[in-house]
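The data block below is input-v3.txt; it holds compact mmCIF, C-alpha atoms and all ligand atoms.
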```
# COMPACT_ATOMS: atom_id res chain seq x y z
CA MET A 1 -8.01 -16.08 18.44
CA ALA A 2 -9.71 -14.31 15.50
CA GLN A 3 -7.58 -13.63 12.43
CA GLY A 4 -6.64 -10.02 11.79
CA LEU A 5 -7.83 -7.99 8.81
CA LEU A 6 -5.79 -7.69 5.66
CA ILE A 7 -6.01 -4.07 4.53
CA ILE A 8 -4.95 -3.03 1.05
CA VAL A 9 -4.30 0.66 0.44
CA SER A 10 -3.59 1.97 -3.07
CA GLY A 11 -3.61 5.26 -4.87
CA PRO A 12 -1.53 7.23 -7.36
CA SER A 13 2.05 8.17 -6.58
CA GLY A 14 2.19 11.40 -4.57
CA VAL A 15 -1.34 11.08 -3.14
CA GLY A 16 0.03 10.71 0.39
CA LYS A 17 -0.72 7.01 1.04
CA GLY A 18 2.61 6.55 2.81
CA THR A 19 1.90 9.36 5.27
CA ILE A 20 -1.60 8.07 5.96
CA CYS A 21 -0.28 4.52 6.55
CA LYS A 22 2.51 5.77 8.85
CA GLU A 23 -0.01 7.71 10.91
CA LEU A 24 -2.36 4.70 11.13
CA VAL A 25 0.40 2.41 12.39
CA GLU A 26 1.32 4.94 15.08
CA ARG A 27 -2.28 5.20 16.24
CA ARG A 28 -3.30 1.54 16.11
CA PRO A 29 -1.15 -0.86 18.14
CA ASN A 30 -2.91 -3.83 16.55
CA LEU A 31 -1.86 -2.74 13.04
CA LYS A 32 1.32 -4.00 11.37
CA VAL A 33 2.62 -2.75 8.07
CA SER A 34 4.10 -5.13 5.54
CA ILE A 35 7.53 -4.09 4.23
CA SER A 36 7.78 -4.77 0.51
CA CYS A 37 10.72 -5.91 -1.58
CA THR A 38 11.73 -3.79 -4.53
CA THR A 39 14.37 -3.62 -7.23
CA ARG A 40 14.24 0.17 -7.36
CA GLU A 41 17.15 2.15 -5.96
CA ARG A 42 17.06 3.28 -2.36
CA ARG A 43 16.26 6.99 -2.03
CA ARG A 44 18.55 9.04 0.20
CA ASN A 45 15.88 9.35 2.93
CA GLU A 46 15.11 5.61 2.99
CA GLU A 47 16.44 2.71 5.06
CA GLU A 48 16.78 -1.00 4.31
CA GLY A 49 14.14 -2.98 6.19
CA VAL A 50 12.24 0.16 7.18
CA HIS A 51 10.94 1.47 3.87
CA TYR A 52 11.72 -1.55 1.69
CA PHE A 53 13.95 -4.59 1.38
CA TYR A 54 16.11 -3.62 -1.60
CA LYS A 55 16.78 -6.53 -3.96
CA THR A 56 18.68 -7.12 -7.19
CA GLU A 57 16.65 -8.36 -10.17
CA GLU A 58 18.15 -11.81 -9.60
CA GLU A 59 17.21 -11.91 -5.92
CA PHE A 60 13.71 -10.66 -6.67
CA ASN A 61 13.15 -13.22 -9.43
CA ARG A 62 14.30 -15.98 -7.09
CA MET A 63 11.74 -14.88 -4.49
CA VAL A 64 9.02 -15.03 -7.18
CA MET A 65 10.12 -18.50 -8.33
CA GLU A 66 10.20 -19.81 -4.76
CA GLY A 67 6.68 -18.53 -4.08
CA GLN A 68 7.86 -16.19 -1.34
CA LEU A 69 5.71 -13.27 -2.52
CA LEU A 70 2.00 -12.87 -1.83
CA GLU A 71 1.79 -10.63 -4.92
CA HIS A 72 4.22 -8.77 -7.10
CA ALA A 73 4.03 -6.23 -9.91
CA TYR A 74 6.12 -4.15 -12.25
CA VAL A 75 5.46 -0.52 -11.26
CA HIS A 76 6.99 2.67 -12.73
CA GLY A 77 9.82 0.61 -14.27
CA HIS A 78 10.73 -1.49 -11.20
CA GLN A 79 9.61 -4.67 -9.47
CA TYR A 80 7.75 -4.58 -6.17
CA GLY A 81 6.38 -7.44 -4.08
CA THR A 82 4.90 -8.37 -0.69
CA PRO A 83 6.75 -11.02 1.35
CA LYS A 84 4.11 -13.63 2.18
CA ALA A 85 5.45 -15.23 5.38
CA TYR A 86 5.24 -12.05 7.49
CA VAL A 87 1.68 -11.29 6.41
CA VAL A 88 0.42 -14.83 7.06
CA ASP A 89 2.16 -14.98 10.46
CA MET A 90 0.80 -11.61 11.65
CA LEU A 91 -2.77 -12.34 10.47
CA GLU A 92 -2.70 -15.66 12.32
CA LYS A 93 -1.52 -13.91 15.47
CA GLY A 94 -4.58 -11.64 15.22
CA TYR A 95 -2.88 -8.47 13.99
CA ASP A 96 -4.34 -6.36 11.21
CA VAL A 97 -1.84 -6.12 8.36
CA LEU A 98 -1.63 -3.21 5.97
CA LEU A 99 -0.30 -3.49 2.43
CA GLU A 100 0.46 -0.24 0.64
CA ILE A 101 0.66 -1.56 -2.92
CA ASP A 102 -0.19 -0.63 -6.50
CA VAL A 103 -3.40 -1.50 -8.31
CA GLN A 104 -2.11 -4.53 -10.28
CA GLY A 105 -0.73 -6.14 -7.11
CA SER A 106 -3.96 -5.29 -5.28
CA ILE A 107 -6.10 -7.08 -7.84
CA ALA A 108 -3.92 -10.20 -7.41
CA ALA A 109 -4.05 -9.94 -3.59
CA MET A 110 -7.86 -9.48 -3.67
CA LYS A 111 -8.13 -12.80 -5.54
CA SER A 112 -6.04 -14.68 -2.95
CA TYR A 113 -7.63 -12.81 -0.02
CA PRO A 114 -11.27 -12.05 -0.93
CA ASP A 115 -11.93 -10.92 2.66
CA ALA A 116 -9.36 -8.13 2.40
CA VAL A 117 -10.50 -4.57 3.13
CA THR A 118 -9.58 -2.44 0.12
CA VAL A 119 -9.15 1.32 0.20
CA PHE A 120 -8.21 3.65 -2.65
CA VAL A 121 -6.77 7.06 -1.74
CA LEU A 122 -7.75 9.86 -4.11
CA PRO A 123 -6.19 13.33 -4.44
CA PRO A 124 -8.53 16.32 -4.03
CA ASP A 125 -7.69 17.15 -7.67
CA ARG A 126 -5.09 16.39 -10.34
CA ASP A 127 -3.17 19.67 -9.87
CA GLN A 128 -2.48 18.84 -6.23
CA LEU A 129 -1.09 15.46 -7.25
CA ARG A 130 1.37 17.10 -9.63
CA GLU A 131 2.36 19.68 -6.99
CA ARG A 132 2.95 17.03 -4.33
CA LEU A 133 5.14 14.96 -6.63
CA GLN A 134 7.17 18.02 -7.60
CA ASN A 135 7.48 19.28 -4.03
CA ARG A 136 8.75 16.04 -2.53
CA ALA A 137 11.67 16.18 -4.99
CA THR A 138 12.54 12.49 -4.76
CA GLU A 139 12.14 11.78 -8.48
CA THR A 140 13.63 13.22 -11.65
CA PRO A 141 11.33 15.20 -14.01
CA GLU A 142 11.15 12.12 -16.29
CA GLN A 143 10.16 9.89 -13.37
CA ILE A 144 7.52 12.42 -12.28
CA ALA A 145 6.10 12.50 -15.82
CA LEU A 146 5.90 8.68 -15.84
CA ARG A 147 4.21 8.60 -12.45
CA LEU A 148 1.65 11.21 -13.57
CA ARG A 149 0.86 9.22 -16.72
CA ASN A 150 0.45 6.08 -14.62
CA ALA A 151 -1.76 8.03 -12.17
CA GLU A 152 -4.38 8.46 -14.90
CA LEU A 153 -4.60 4.69 -15.38
CA GLU A 154 -4.59 4.06 -11.62
CA LEU A 155 -7.41 6.57 -10.96
CA PHE A 156 -9.55 4.63 -13.40
CA MET A 157 -9.19 1.53 -11.17
CA VAL A 158 -10.88 3.07 -8.13
CA LYS A 159 -14.05 1.10 -8.91
CA GLU A 160 -12.25 -2.16 -8.10
CA TYR A 161 -11.95 -1.07 -4.44
CA GLN A 162 -14.51 -1.23 -1.63
CA TYR A 163 -13.78 2.22 -0.21
CA CYS A 164 -12.28 5.49 -1.37
CA VAL A 165 -10.83 8.19 0.83
CA ILE A 166 -9.97 11.70 -0.41
CA ASN A 167 -6.69 12.95 1.00
CA ASP A 168 -7.38 16.67 1.25
CA LYS A 169 -6.54 17.07 4.93
CA LEU A 170 -4.35 14.31 6.41
CA GLU A 171 -6.24 14.19 9.70
CA ASP A 172 -9.57 13.66 7.91
CA ALA A 173 -8.15 10.96 5.64
CA VAL A 174 -6.64 9.05 8.58
CA HIS A 175 -9.92 9.40 10.47
CA ASP A 176 -11.83 7.98 7.47
CA VAL A 177 -9.57 4.92 7.20
CA GLU A 178 -9.83 4.35 10.97
CA ALA A 179 -13.63 4.51 10.72
CA ILE A 180 -13.54 1.91 7.92
CA LEU A 181 -11.36 -0.42 9.99
CA ASP A 182 -13.49 0.00 13.11
CA ALA A 183 -16.64 -0.79 11.13
CA GLU A 184 -15.04 -3.84 9.50
CA HIS A 185 -14.09 -5.15 12.95
CA CYS A 186 -17.76 -4.88 14.02
CA LYS A 187 -19.07 -6.94 11.10
CA VAL A 188 -21.09 -9.97 12.16
CA SER A 189 -19.93 -11.68 8.95
CA ARG A 190 -16.39 -11.47 10.35
CA GLY A 191 -17.46 -13.09 13.60
CA ALA A 192 -17.55 -9.90 15.71
CA GLN A 193 -20.28 -11.43 17.92
CA GLY A 194 -17.65 -13.92 19.14
CA ALA A 195 -16.31 -11.21 21.47
CA ALA A 196 -19.61 -11.54 23.40
CA GLY A 197 -19.13 -15.29 23.66
CA LEU A 198 -21.88 -15.96 21.08
P1 LIG A 201 7.56 4.09 -4.48
O1 LIG A 201 8.62 3.79 -5.50
O2 LIG A 201 7.06 5.51 -4.62
O3 LIG A 201 7.98 3.75 -3.07
O4 LIG A 201 6.34 3.13 -4.82
C1 LIG A 201 5.82 3.08 -6.11
C2 LIG A 201 4.54 2.29 -6.14
O5 LIG A 201 4.80 0.93 -5.82
C3 LIG A 201 3.48 2.76 -5.16
O6 LIG A 201 2.23 2.81 -5.85
C4 LIG A 201 3.44 1.68 -4.11
O7 LIG A 201 2.15 1.54 -3.55
C5 LIG A 201 3.79 0.47 -4.95
N1 LIG A 201 4.29 -0.64 -4.15
C6 LIG A 201 5.08 -0.60 -3.05
N2 LIG A 201 5.29 -1.82 -2.56
C7 LIG A 201 4.59 -2.68 -3.36
C8 LIG A 201 4.40 -4.10 -3.36
O8 LIG A 201 4.88 -4.85 -2.52
N3 LIG A 201 3.63 -4.60 -4.35
C9 LIG A 201 3.05 -3.83 -5.31
N4 LIG A 201 2.29 -4.42 -6.21
N5 LIG A 201 3.20 -2.50 -5.33
C10 LIG A 201 3.97 -1.93 -4.37
```
For the file at hand, write its structure as structure tokens.
Ligand code: 5GP
Amino acid sequence: MAQGLLIIVSGPSGVGKGTICKELVERRPNLKVSISCTTRERRRNEEEGVHYFYKTEEEFNRMVMEGQLLEHAYVHGHQYGTPKAYVVDMLEKGYDVLLEIDVQGSIAAMKSYPDAVTVFVLPPDRDQLRERLQNRATETPEQIALRLRNAELELFMVKEYQYCVINDKLEDAVHDVEAILDAEHCKVSRGAQGAAGL
């Protein structure tokens, strides 16, 4: 069986990556999302094992030392990382696996997985990014300010990615990512002709 695609989606905080990824997983039965580990506190609307695996600094550091993480990074003052075993297992079983991770972690993952499909989600403009962060009301004003400062650095990294998608209307953004994935699956360089027995 052909290996699945590893898909890396990044973008500044508040751009709506999470909503796009949730929608993609609902629409594509062959797509699995990787659940990250983090040392940040659980938000009131989040669940263990659904949004993240919440770890202490000690637990997280142990996972790093034991090589359990495919990549990890320090983002907005907390540690985040992708558990490796799940990703490897799902790819081998032929599922596409989506990582919604920050730019530093993405660069590391691109090195280990040069065949990964990389997508950067852009806001229609900076004002909308600020509004979305303020409206979702999950961070303090200080945390929002930090995330907006980091957004400037992250936006600069778009050129490291293969594709960019502007999240103006959710439906259009999801459609764009689906089109990218469909095209990637048709690539001869990925062995798409094998489906015809060639
Ligand atoms: P949030 O705290 O808003 O859930 O996520 C903050 C940032 O951490 C987002 O940019 C998100 O993409 C990133 N992130 C989430 N999980 C991971 C991960 O496993 N690795 C890395 N490098 N970044 C992650």
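Among the candidate residues A:Gly67, A:Gly81, A:Gly197, A:Gly4, the one lying nearest to A:Asp115 is A:Gly4, with distances computed using only C-alpha atoms.
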query: Do you have the atom CA of A:Val121-atom CA of A:Leu5 distance handy?
result: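 Atom CA of A:Leu5 lies at a distance of 18.4 Å from atom CA of A:Val121.
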What's the 6 Å shell around stretch 14-26 of chain A, counting only C-alpha atoms, without same-chain residues fewer than 3 positions away, as a short mmCIF file (atom, residue, chain, number, x, y, z; two decimals) with C-alpha atoms, keeping the file's coordinate frame?
```
data_model
loop_
_atom_site.label_atom_id
_atom_site.label_comp_id
_atom_site.auth_asym_id
_atom_site.auth_seq_id
_atom_site.Cartn_x
_atom_site.Cartn_y
_atom_site.Cartn_z
CA LEU A 31 -1.86 -2.74 13.04
CA PRO A 123 -6.19 13.33 -4.44
CA LEU A 129 -1.09 15.46 -7.25
CA ARG A 132 2.95 17.03 -4.33
CA LEU A 133 5.14 14.96 -6.63
CA VAL A 174 -6.64 9.05 8.58
#
```
query: Please, which residues have at least one atom within 8 Å of an atom of ligand LIG 201 (chain A), using all atoms listed in the file, listed as JSON, numbers by chain?
result: {"A": [9, 10, 11, 12, 13, 14, 17, 35, 36, 37, 38, 40, 51, 52, 71, 72, 73, 74, 75, 76, 79, 80, 81, 82, 83, 99, 100, 101, 102, 103, 104, 105, 106]}
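Within 7 Å of the file-frame point (-3.2, 13.3, -10.2), and using all atoms listed in the file, the polymer residues found are Pro12, Pro123, Asp125, Arg126, Asp127, Gln128, Leu129, Arg130, Leu148, Ala151 and Glu152 of chain A.
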task: Please provide the set of residues having any atom within 10 Å of A:Asp176, restricted to all atoms listed in the file, with same-chain residues fewer than 3 positions apart removed, written as a list in words.
output: Tyr163, Cys164, Val165, Ile166, Asn167, Leu170, Glu171, Asp172, Ala173, Ala179, Ile180, Leu181 and Asp182 of chain A
task: Have a look at A:Gly49, A:Gly77, A:Asp89, A:Gly94 and name the one nearest to A:Leu146; count all atoms listed in the file.
output: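 Using all atoms listed in the file, A:Leu146 sits closest to A:Gly77.
With all atoms listed in the file as the atoms that count, the minimum distance from A:His175 to the choices A:Gln68, A:Asn150, A:Ile8, A:Arg27 is reached by A:Arg27.
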One-decimal distance in Å that lies between atom CA of A:Val158 and atom CA of A:Phe120: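 For atom CA of A:Phe120 relative to atom CA of A:Val158, the distance reads 6.1 Å.
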- prompt: Distance atom CA of A:Lys159-atom CA of A:Leu122, one decimal place?
  reply: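 Atom CA of A:Leu122 lies at a distance of 11.8 Å from atom CA of A:Lys159.
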- request: With a distance cut-off of 12 Å and only C-alpha atoms, select the neighbouring residues of A:Arg44, excluding the residue or stretch itself and same-chain residues fewer than 6 positions from it, and output the selection as a list in words.
  value: His51, Ala137, Thr138 and Glu139 of chain A
query: With all atoms listed in the file as the basis for distance, which of A:Pro141, A:Arg62, A:Arg136, A:Met90 is at the shortest distance from A:Asn45?
result: A:Arg136
- prompt: For A:Leu6, which residue among A:Pro114, A:Ala195, A:Phe53, A:Leu69 is the nearest when counting only C-alpha atoms?
  reply: A:Pro114
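The closest residue to A:Leu91, picked from A:Lys169, A:Lys32, A:Lys111, A:Lys187 and counting only C-alpha atoms, is A:Lys32.
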field: Non-local contacts of A:Glu58 (10 Å; only C-alpha atoms; under 5 positions in same chain excluded) as a list in words
entry: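 Close residues of A:Glu58: Thr39, Met63 and Val64 of chain A.
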Take the selection from the previous step and output its residues with C-alpha atoms, as a PDB file, keeping the file's coordinate frame.
```pdb
ATOM      1  CA  THR A  39      14.370  -3.620  -7.230  1.00  0.00           C
ATOM      2  CA  MET A  63      11.740 -14.880  -4.490  1.00  0.00           C
ATOM      3  CA  VAL A  64       9.020 -15.030  -7.180  1.00  0.00           C
TER       4      VAL A  64
END
```
